[in-house]
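Contents: one structure, followed by commentary.
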Amino acid sequence: LISVEKTTGGILIQMKDSGPGIDPQDMEKVFEPYFSKRPGGTGLGLTLSRRIVEAHGGSISARNLEQGGACFDISLPEEGY
């Protein structure tokens, strides 16, 4: 599920899934280069995503949802949109 909402000074994009979530011990590693739990994964997708978001003055974070699954929150500044 992807949602977009206007916030004070920018926009918030949320991407949620209904999978098992992120292991708590891996939460700090998910944006590190070459970290992947997927067989055959390169570990570059979230690293590149963070670089793109930050290049546009934003931030990205990950969290687990209480009902299960994970959520990635992307905040972008309003300027230029």
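Please note that chains go A, B, ... in the order of the structure tokens, that every chain numbers its residues from 1, and that ligands are numbered from 1 in the order shown.
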
Spatial neighbours of stretch 63-80 of chain A, max dist 7 Å, only C-alpha atoms, sep filter under 4 positions, as a PyMOL selection string
chain A and resi 9-22+57-59

Selected residues written out with N, CA and C atoms, as a compact mmCIF listing (two decimals), in the first residue's frame:
# COMPACT_ATOMS: atom_id res chain seq x y z
N GLY A 9 5.22 21.87 5.39
CA GLY A 9 6.51 22.05 4.76
C GLY A 9 6.93 20.98 3.78
N GLY A 10 6.07 20.02 3.46
CA GLY A 10 6.49 19.00 2.52
C GLY A 10 5.44 17.94 2.26
N ILE A 11 5.93 16.79 1.85
CA ILE A 11 5.04 15.65 1.63
C ILE A 11 5.61 14.42 2.32
N LEU A 12 4.72 13.50 2.65
CA LEU A 12 5.09 12.23 3.26
C LEU A 12 4.58 11.12 2.37
N ILE A 13 5.47 10.25 1.95
CA ILE A 13 5.12 9.07 1.17
C ILE A 13 5.35 7.87 2.08
N GLN A 14 4.32 7.03 2.20
CA GLN A 14 4.45 5.82 3.02
C GLN A 14 4.22 4.60 2.15
N MET A 15 5.12 3.64 2.27
CA MET A 15 5.00 2.37 1.56
C MET A 15 4.94 1.27 2.61
N LYS A 16 3.80 0.57 2.65
CA LYS A 16 3.57 -0.46 3.66
C LYS A 16 3.41 -1.81 2.98
N ASP A 17 3.85 -2.87 3.68
CA ASP A 17 3.61 -4.21 3.20
C ASP A 17 2.99 -5.04 4.32
N SER A 18 2.61 -6.26 3.99
CA SER A 18 1.98 -7.13 4.98
C SER A 18 2.85 -8.36 5.26
N GLY A 19 4.15 -8.24 5.00
CA GLY A 19 5.07 -9.35 5.24
C GLY A 19 5.41 -9.50 6.72
N PRO A 20 6.49 -10.20 6.99
CA PRO A 20 6.87 -10.47 8.38
C PRO A 20 7.50 -9.28 9.11
N GLY A 21 7.77 -8.20 8.40
CA GLY A 21 8.43 -7.05 9.02
C GLY A 21 9.95 -7.22 8.96
N ILE A 22 10.64 -6.32 9.62
CA ILE A 22 12.10 -6.31 9.64
C ILE A 22 12.56 -6.78 11.02
N GLY A 57 16.79 16.57 -0.59
CA GLY A 57 16.57 17.26 0.68
C GLY A 57 15.63 16.54 1.62
N GLY A 58 15.39 15.26 1.39
CA GLY A 58 14.45 14.51 2.21
C GLY A 58 15.12 13.50 3.10
N SER A 59 14.27 12.65 3.70
CA SER A 59 14.76 11.59 4.57
C SER A 59 13.89 10.35 4.37

I need the residues of chain A that end up classed as strand (DSSP E) by DSSP on the backbone, written out as JSON, numbers by chain.
{"A": [2, 3, 4, 5, 6, 7, 10, 11, 12, 13, 14, 15, 16, 59, 60, 61, 62, 63, 64, 70, 71, 72, 73, 74, 75, 76, 77]}

The selected residues should be written to file as an mmCIF file, in the first residue's frame (atoms: C-alpha atoms).
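part-v5.cif, freshly written:
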data_model
loop_
_atom_site.group_PDB
_atom_site.id
_atom_site.type_symbol
_atom_site.label_atom_id
_atom_site.label_comp_id
_atom_site.auth_asym_id
_atom_site.auth_seq_id
_atom_site.Cartn_x
_atom_site.Cartn_y
_atom_site.Cartn_z
ATOM 1 C CA ILE A 2 1.393 3.396 -0.991
ATOM 2 C CA SER A 3 0.008 6.653 0.369
ATOM 3 C CA VAL A 4 0.986 10.290 -0.131
ATOM 4 C CA GLU A 5 -0.042 13.188 2.080
ATOM 5 C CA LYS A 6 0.831 16.850 2.348
ATOM 6 C CA THR A 7 2.499 17.787 5.613
ATOM 7 C CA GLY A 10 6.494 18.995 2.525
ATOM 8 C CA ILE A 11 5.039 15.651 1.625
ATOM 9 C CA LEU A 12 5.092 12.231 3.261
ATOM 10 C CA ILE A 13 5.120 9.071 1.172
ATOM 11 C CA GLN A 14 4.450 5.821 3.021
ATOM 12 C CA MET A 15 5.005 2.369 1.564
ATOM 13 C CA LYS A 16 3.574 -0.461 3.660
ATOM 14 C CA SER A 59 14.760 11.589 4.572
ATOM 15 C CA ILE A 60 13.732 7.939 4.579
ATOM 16 C CA SER A 61 13.181 5.645 7.549
ATOM 17 C CA ALA A 62 11.912 2.135 8.205
ATOM 18 C CA ARG A 63 9.690 0.782 10.963
ATOM 19 C CA ASN A 64 7.603 -2.247 11.752
ATOM 20 C CA ALA A 70 6.979 -2.961 7.484
ATOM 21 C CA CYS A 71 6.568 0.683 6.545
ATOM 22 C CA PHE A 72 9.028 2.962 4.817
ATOM 23 C CA ASP A 73 8.404 6.673 5.390
ATOM 24 C CA ILE A 74 9.818 9.153 2.884
ATOM 25 C CA SER A 75 9.650 12.849 3.774
ATOM 26 C CA LEU A 76 10.386 15.395 1.050
ATOM 27 C CA PRO A 77 10.475 19.179 1.344
#

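Using only C-alpha atoms for every distance, the candidate list A:Leu44, A:Thr8, A:Leu1, A:Val53 yields A:Leu44 as the residue closest to A:Phe31.
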
Residues of chain A in alpha helix (DSSP H) according to DSSP, as a PyMOL selection string?
chain A and resi 45-55

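One distance worth recording is that between atom CA of A:Phe35 and atom CA of A:Leu48, which is 12.2 Å.
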